[in-house]
file work-v7.cif (mmCIF, C-alpha atoms)
data_my_file
loop_
_atom_site.label_atom_id
_atom_site.label_comp_id
_atom_site.auth_asym_id
_atom_site.auth_seq_id
_atom_site.Cartn_x
_atom_site.Cartn_y
_atom_site.Cartn_z
CA MET N 185 47.82 -31.65 57.67
CA ASP N 186 48.21 -34.09 54.78
CA VAL N 187 46.51 -37.32 55.84
CA ARG N 188 47.66 -39.33 52.82
CA ARG N 189 50.02 -42.13 53.65
CA ALA N 190 53.57 -41.83 52.42
CA VAL N 191 54.25 -44.00 49.41
CA GLN N 192 57.11 -46.43 49.80
CA GLU N 193 59.92 -46.77 47.30
CA PRO N 194 58.81 -48.71 44.22
CA ARG N 195 58.89 -52.47 44.73
CA GLU N 196 60.77 -54.60 42.23
CA ILE N 197 59.34 -58.02 41.44
CA ASP N 198 61.83 -60.11 39.46
CA ALA N 199 60.20 -62.96 37.57
CA SER N 200 62.61 -62.71 34.63
CA GLY N 201 64.15 -66.17 34.99
CA LEU N 202 60.91 -68.10 35.46
CA PRO N 203 58.67 -69.94 33.01
CA MET N 204 55.74 -67.68 32.12
CA GLU N 205 53.06 -69.49 34.14
CA HIS N 206 55.30 -69.43 37.23
CA ALA N 207 56.18 -65.77 36.59
CA GLN N 208 52.53 -64.76 36.38
CA ALA N 209 51.73 -66.59 39.63
CA VAL N 210 54.73 -65.03 41.43
CA ILE N 211 53.76 -61.54 40.25
CA LEU N 212 50.11 -61.95 41.26
CA ASP N 213 51.14 -63.29 44.69
CA ALA N 214 53.52 -60.35 45.21
CA LEU N 215 50.87 -57.85 44.11
CA ARG N 216 48.33 -59.47 46.45
CA ALA N 217 50.80 -59.12 49.34
CA LEU N 218 51.40 -55.46 48.47
CA THR N 219 47.66 -54.69 48.35
CA GLU N 220 47.13 -56.48 51.69
CA CYS N 221 49.56 -54.00 53.30
CA GLU N 222 46.94 -51.33 52.49
CA GLU N 223 49.65 -48.77 51.71
CA PRO N 224 50.19 -46.92 48.43
CA PHE N 225 52.86 -48.48 46.22
CA ALA N 226 54.32 -48.64 42.72
CA ALA N 227 56.03 -51.73 41.31
CA ILE N 228 58.51 -52.67 38.62
CA LEU N 229 57.74 -56.11 37.15
CA LEU N 230 60.69 -57.83 35.46
CA MET N 231 59.07 -60.22 32.99
CA PRO N 232 60.59 -63.36 31.46
CA ALA N 233 61.60 -63.71 27.86
CA PRO N 234 59.37 -65.90 25.68
CA PRO N 235 60.39 -69.56 25.62
CA GLU N 236 62.43 -70.94 22.76
CA GLY N 237 60.40 -73.29 20.60
CA ARG N 238 57.28 -75.00 21.88
CA THR N 239 56.06 -74.15 25.37
CA PRO N 240 55.93 -77.22 27.61
CA PRO N 241 52.68 -77.76 29.51
CA ALA N 242 52.55 -76.25 32.97
CA SER N 243 53.23 -78.57 35.87
CA GLY N 244 50.47 -79.35 38.35
CA ASP N 245 51.71 -76.90 40.98
CA VAL N 246 51.22 -73.87 38.73
CA PRO N 247 47.85 -72.08 38.90
CA SER N 248 45.78 -72.44 35.74
CA ALA N 249 45.01 -69.46 33.52
CA ALA N 250 41.50 -69.40 35.02
CA ASP N 251 42.99 -69.35 38.54
CA ARG N 252 45.31 -66.48 37.59
CA ILE N 253 42.36 -64.53 36.15
CA ARG N 254 40.36 -65.11 39.36
CA THR N 255 43.33 -63.97 41.42
CA LEU N 256 43.70 -60.79 39.36
CA LYS N 257 39.98 -60.08 39.69
CA SER N 258 40.17 -60.58 43.44
CA ILE N 259 43.12 -58.21 43.91
CA ARG N 260 42.02 -55.57 41.36
CA PRO N 261 40.11 -53.51 43.97
CA GLY N 262 43.29 -53.33 46.06
CA LEU N 263 45.33 -52.39 43.00
CA THR N 264 42.82 -49.66 42.18
CA GLU N 265 42.99 -48.28 45.70
CA PHE N 266 46.68 -48.64 46.54
CA CYS N 267 48.73 -49.14 43.36
CA ARG N 268 50.11 -45.94 41.85
CA GLY N 269 51.51 -47.79 38.84
CA LEU N 270 52.95 -51.01 37.43
CA ALA N 271 56.00 -50.75 35.17
CA PHE N 272 56.48 -53.90 33.10
CA VAL N 273 60.00 -54.61 31.81
CA ALA N 274 59.64 -57.10 28.99
CA PRO N 275 61.65 -58.13 25.94
CA ALA N 276 60.51 -56.84 22.55
CA ASP N 277 59.67 -60.30 21.22
CA ILE N 278 56.91 -61.22 23.66
CA PRO N 279 53.79 -62.89 22.26
CA ALA N 280 50.95 -60.59 21.18
CA GLU N 281 48.55 -61.72 23.92
CA ARG N 282 51.13 -60.93 26.62
CA ALA N 283 51.83 -57.53 25.07
CA GLU N 284 48.09 -56.81 25.00
CA ALA N 285 47.73 -57.71 28.69
CA ILE N 286 50.69 -55.51 29.64
CA HIS N 287 49.38 -52.56 27.64
CA SER N 288 45.77 -52.89 28.83
CA GLY N 289 46.47 -50.67 31.83
CA GLU N 290 43.60 -49.76 34.08
CA GLN N 291 41.10 -51.88 32.12
CA LEU N 292 42.82 -55.08 33.25
CA TRP N 293 44.97 -54.10 36.21
CA GLY N 294 42.91 -51.34 37.81
CA CYS N 295 45.90 -48.98 37.95
CA PRO N 296 48.18 -47.13 35.53
CA THR N 297 50.73 -49.26 33.67
CA THR N 298 53.64 -48.76 31.35
CA ALA N 299 55.82 -51.18 29.43
CA THR N 300 59.42 -50.84 28.36
CA GLN N 301 62.50 -52.88 27.59
CA ASP N 302 64.61 -50.50 29.70
CA VAL N 303 64.70 -51.25 33.44
CA THR N 304 66.12 -47.78 34.18
CA ALA N 305 63.16 -46.13 32.44
CA ALA N 306 60.76 -48.43 34.32
CA ARG N 307 62.35 -47.50 37.64
CA ALA N 308 62.15 -43.77 36.84
CA TRP N 309 58.47 -44.07 35.82
CA ALA N 310 57.59 -46.05 38.96
CA GLU N 311 59.48 -43.58 41.15
CA ALA N 312 57.56 -40.67 39.62
CA ARG N 313 54.24 -42.52 40.03
CA SER N 314 55.01 -43.30 43.66
CA ARG N 315 55.20 -39.57 44.40
CA GLU N 316 51.76 -38.81 42.93
#

call {"tool": "encode", "arguments": {"input": "work-v7.cif", "output": "structure tokens"}}
result
Amino acid sequence: MDVRRAVQEPREIDASGLPMEHAQAVILDALRALTECEEPFAAILLMPAPPEGRTPPASGDVPSAADRIRTLKSIRPGLTEFCRGLAFVAPADIPAERAEAIHSGEQLWGCPTTATQDVTAARAWAEARSRE
């Protein structure tokens, strides 16, 4: 008998209309919730476009970059154990540091990642990963 738990359909986390700091916090919170379910999953992450012009400072209710890094470090073991893959859907003109984080895969996230501008391709990749 196969004792592995059935993987659910890929989850879609839509942060595309949010400012980047809010988007990162929303994504990390959603990933934390998924890892706390202790069930295998794959996720499609719809990322926001870069802001036009100068980025305004984050408001006080947004976690700092250090807080977001701590959160990622705290959920990484759960991502390693339960996440079958994260498919980032991001525009082509994202800043270099964001592109690097998206493409850093298991080094940063603890699970396989892919990045594309095509949501259909991201969904297909995540679906395939959820069956592995």

call {"tool": "resolve_selection", "arguments": {"input": "work-v7.cif", "expression": "the PyMOL selection byres ((chain N and resi 303) around 10)", "output": "PDB file with C-alpha atoms, in the coordinates of the input"}}
result
ATOM      1  CA  ILE N 228      58.510 -52.670  38.620  1.00  0.00           C
ATOM      2  CA  LEU N 229      57.740 -56.110  37.150  1.00  0.00           C
ATOM      3  CA  LEU N 230      60.690 -57.830  35.460  1.00  0.00           C
ATOM      4  CA  ALA N 271      56.000 -50.750  35.170  1.00  0.00           C
ATOM      5  CA  PHE N 272      56.480 -53.900  33.100  1.00  0.00           C
ATOM      6  CA  VAL N 273      60.000 -54.610  31.810  1.00  0.00           C
ATOM      7  CA  ALA N 274      59.640 -57.100  28.990  1.00  0.00           C
ATOM      8  CA  ALA N 299      55.820 -51.180  29.430  1.00  0.00           C
ATOM      9  CA  THR N 300      59.420 -50.840  28.360  1.00  0.00           C
ATOM     10  CA  GLN N 301      62.500 -52.880  27.590  1.00  0.00           C
ATOM     11  CA  ASP N 302      64.610 -50.500  29.700  1.00  0.00           C
ATOM     12  CA  THR N 304      66.120 -47.780  34.180  1.00  0.00           C
ATOM     13  CA  ALA N 305      63.160 -46.130  32.440  1.00  0.00           C
ATOM     14  CA  ALA N 306      60.760 -48.430  34.320  1.00  0.00           C
ATOM     15  CA  ARG N 307      62.350 -47.500  37.640  1.00  0.00           C
ATOM     16  CA  ALA N 308      62.150 -43.770  36.840  1.00  0.00           C
ATOM     17  CA  TRP N 309      58.470 -44.070  35.820  1.00  0.00           C
TER      18      TRP N 309
END

call {"tool": "atom_distance", "arguments": {"input": "work-v7.cif", "atom1": "CA of His206 (chain N)", "atom2": "CA of Pro247 (chain N)"}}
result
8.1 Å

call {"tool": "residues_around", "arguments": {"input": "work-v7.cif", "residues": "Pro224 (chain N)", "least_positions_apart": "6", "cutoff": "12 Å", "atoms": "all atoms listed in the file", "output": "JSON, numbers by chain"}}
result
{"N": [188, 189, 190, 191, 192, 193, 194, 195, 215, 218, 262, 263, 264, 265, 266, 267, 268, 269, 295, 313, 314, 315, 316]}

call {"tool": "resolve_selection", "arguments": {"input": "work-v7.cif", "expression": "the PyMOL selection byres ((chain N and resi 199) around 8)", "output": "list in words"}}
result
Ile197, Asp198, Ser200, Gly201, Leu202, Ala207, Gln208, Val210, Ile211, Leu229, Leu230, Met231 and Pro232 of chain N

call {"tool": "closest_residue", "arguments": {"input": "work-v7.cif", "among": "N:Pro234, N:Met204, N:Asp251, N:Gln291", "to": "Pro275 (chain N)", "atoms": "all atoms listed in the file"}}
result
N:Pro234

call {"tool": "atom_distance", "arguments": {"input": "work-v7.cif", "atom1": "CA of Lys257 (chain N)", "atom2": "CA of Gly294 (chain N)"}}
result
9.4 Å

call {"tool": "atom_distance", "arguments": {"input": "work-v7.cif", "atom1": "CA of Glu311 (chain N)", "atom2": "CA of Thr297 (chain N)"}}
result
12.8 Å

call {"tool": "axis_aligned_box", "arguments": {"input": "work-v7.cif", "around": "region 250-262 of chain N", "padding_each_side": "4 Å", "output": "AutoDock Vina command-line options"}}
result
--center_x 42.6 --center_y -61.4 --center_z 40.5 --size_x 13.3 --size_y 24.1 --size_z 19.0

call {"tool": "closest_residue", "arguments": {"input": "work-v7.cif", "among": "N:Ala214, N:Ala276, N:Leu270, N:Ile259", "to": "Ala227 (chain N)", "atoms": "all atoms listed in the file"}}
result
N:Leu270

call {"tool": "closest_residue", "arguments": {"input": "work-v7.cif", "among": "N:Ala217, N:Glu196, N:Glu205, N:Glu222", "to": "Ser248 (chain N)", "atoms": "only C-alpha atoms"}}
result
N:Glu205
